[in-house]
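Asker: Let me give you the structure first, and then I'll get to my questions.
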Amino acid sequence: MSIKVMSLVWEGFPASGSEMLAMLALADWCNDEGGSLHPSMKAVAEKIRVSEKQARRIIHGFEEAGYLKVVGHANGGAPGTTKQYQLNVAKLKGLADGAAARKTAPVGVTPPVGVT
């Protein structure tokens with residue numbers, strides 16, 4: 001059974017705004033294991049409608065927070081040699097599971113009178 005990375009982001013990723021858009025873009029580009037991910041900063045910037053500098057800041061933030069790992073071409077470079085990334089699907093799954101647990105109604109609690 002494959003895990004839909006995009007769903008994990010929608011369900012549990014804690015950021016909003018440009019960070020959420022960037023994570024959704026990465027999830028859209030990657031495979032179900034979080035790999036096969038090698039967007040250029042220009043592509044990220046264009047997809048989420050920010051400057052390349054802002055896209056770079058967001059992606060580096062994801063690396064520092066452990067959402068994203070560089071797995072190839074660590075220095076980037078010419079076209080065709082952009083960095084290759086791996087999304088931390090386990091971390092995203094943990095966030096989604098935690099969000100789902102917080103949304104679950106308590107068991108064995110009687111609602112107040114008049115509540116339907």
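Naming scheme: A, B, ... for chains in displayed order of the structure tokens; residues 1 onward per chain; ligands 1 onward as shown.
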Applying 9 Å and only C-alpha atoms, which residues near Arg56 of chain A remain after dropping the ones on its own chain fewer than 5 positions away? List them as a list in words.
Answerer: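 These residues fall inside the cut-off: Met41, Val44, Ala45, Ser51 and Gly61 of chain A.
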Asker: Please report, as a PyMOL selection string, each residue of chain A to which DSSP assigns helix (DSSP H, G or I) when run on this structure's backbone.
Answerer: chain A and resi 5-12+17-29+41-48+52-65+89-103
Asker: Contacts of segment 20-37 of chain A at 9 Å or less, counting only C-alpha atoms, minus same-chain residues fewer than 5 places along, as a short mmCIF file (atom, residue, chain, number, x, y, z; two decimals) with N, CA and C atoms, in the first residue's frame?
Answerer:
```
data_model
loop_
_atom_site.label_atom_id
_atom_site.label_comp_id
_atom_site.auth_asym_id
_atom_site.auth_seq_id
_atom_site.Cartn_x
_atom_site.Cartn_y
_atom_site.Cartn_z
N SER A 2 0.63 2.13 -0.88
CA SER A 2 1.44 3.34 -0.95
C SER A 2 0.84 4.45 -0.08
N ILE A 3 1.71 5.28 0.41
CA ILE A 3 1.30 6.43 1.22
C ILE A 3 1.23 7.63 0.28
N LYS A 4 0.15 8.35 0.32
CA LYS A 4 0.03 9.55 -0.52
C LYS A 4 0.66 10.71 0.23
N VAL A 5 1.82 11.12 -0.21
CA VAL A 5 2.58 12.15 0.47
C VAL A 5 1.79 13.46 0.52
N MET A 6 1.11 13.78 -0.55
CA MET A 6 0.32 15.02 -0.59
C MET A 6 -0.73 15.02 0.53
N SER A 7 -1.38 13.90 0.75
CA SER A 7 -2.38 13.81 1.83
C SER A 7 -1.75 14.02 3.19
N LEU A 8 -0.55 13.48 3.39
CA LEU A 8 0.14 13.66 4.67
C LEU A 8 0.42 15.13 4.94
N VAL A 9 0.80 15.85 3.89
CA VAL A 9 1.07 17.28 4.05
C VAL A 9 -0.22 18.01 4.40
N TRP A 10 -1.28 17.74 3.65
CA TRP A 10 -2.57 18.40 3.92
C TRP A 10 -3.04 18.12 5.34
N PHE A 13 0.97 18.92 8.15
CA PHE A 13 2.07 19.87 8.10
C PHE A 13 1.69 21.12 8.87
N PRO A 14 2.51 21.55 9.83
CA PRO A 14 2.11 22.62 10.75
C PRO A 14 2.22 24.05 10.21
N ALA A 15 2.95 24.27 9.14
CA ALA A 15 3.15 25.63 8.64
C ALA A 15 1.98 26.05 7.74
N VAL A 44 10.75 25.79 -7.99
CA VAL A 44 10.03 25.95 -6.73
C VAL A 44 9.44 27.36 -6.66
N ALA A 45 10.27 28.35 -6.95
CA ALA A 45 9.83 29.75 -6.88
C ALA A 45 8.65 30.01 -7.80
N LYS A 47 6.50 27.83 -9.02
CA LYS A 47 5.31 27.06 -8.64
C LYS A 47 4.59 27.70 -7.46
N ILE A 48 5.34 28.24 -6.49
CA ILE A 48 4.68 28.81 -5.30
C ILE A 48 4.61 30.33 -5.35
N ALA A 55 12.38 31.10 -2.09
CA ALA A 55 12.26 29.65 -2.26
C ALA A 55 13.45 28.94 -1.62
N ILE A 58 13.12 28.91 2.16
CA ILE A 58 12.12 27.92 2.59
C ILE A 58 12.69 26.51 2.52
N ILE A 59 13.32 26.17 1.40
CA ILE A 59 13.88 24.82 1.22
C ILE A 59 14.98 24.56 2.24
N PHE A 62 13.42 23.73 5.46
CA PHE A 62 12.93 22.34 5.49
C PHE A 62 14.06 21.37 5.78
N TYR A 67 12.61 17.92 7.43
CA TYR A 67 11.57 17.51 6.49
C TYR A 67 12.16 17.05 5.16
N LYS A 83 20.22 19.76 -6.97
CA LYS A 83 20.22 18.89 -5.80
C LYS A 83 19.09 17.87 -5.90
N GLN A 84 19.35 16.70 -5.39
CA GLN A 84 18.32 15.66 -5.30
C GLN A 84 17.92 15.53 -3.84
N TYR A 85 16.63 15.52 -3.59
CA TYR A 85 16.12 15.51 -2.23
C TYR A 85 15.30 14.26 -1.95
N GLN A 86 15.11 14.02 -0.65
CA GLN A 86 14.24 12.96 -0.15
C GLN A 86 13.37 13.61 0.92
N LEU A 87 12.06 13.56 0.74
CA LEU A 87 11.16 14.06 1.78
C LEU A 87 11.12 13.04 2.91
N ASN A 88 11.06 13.51 4.13
CA ASN A 88 10.97 12.64 5.30
C ASN A 88 9.51 12.24 5.49
N VAL A 89 9.10 11.18 4.79
CA VAL A 89 7.71 10.73 4.80
C VAL A 89 7.33 10.26 6.20
#
```
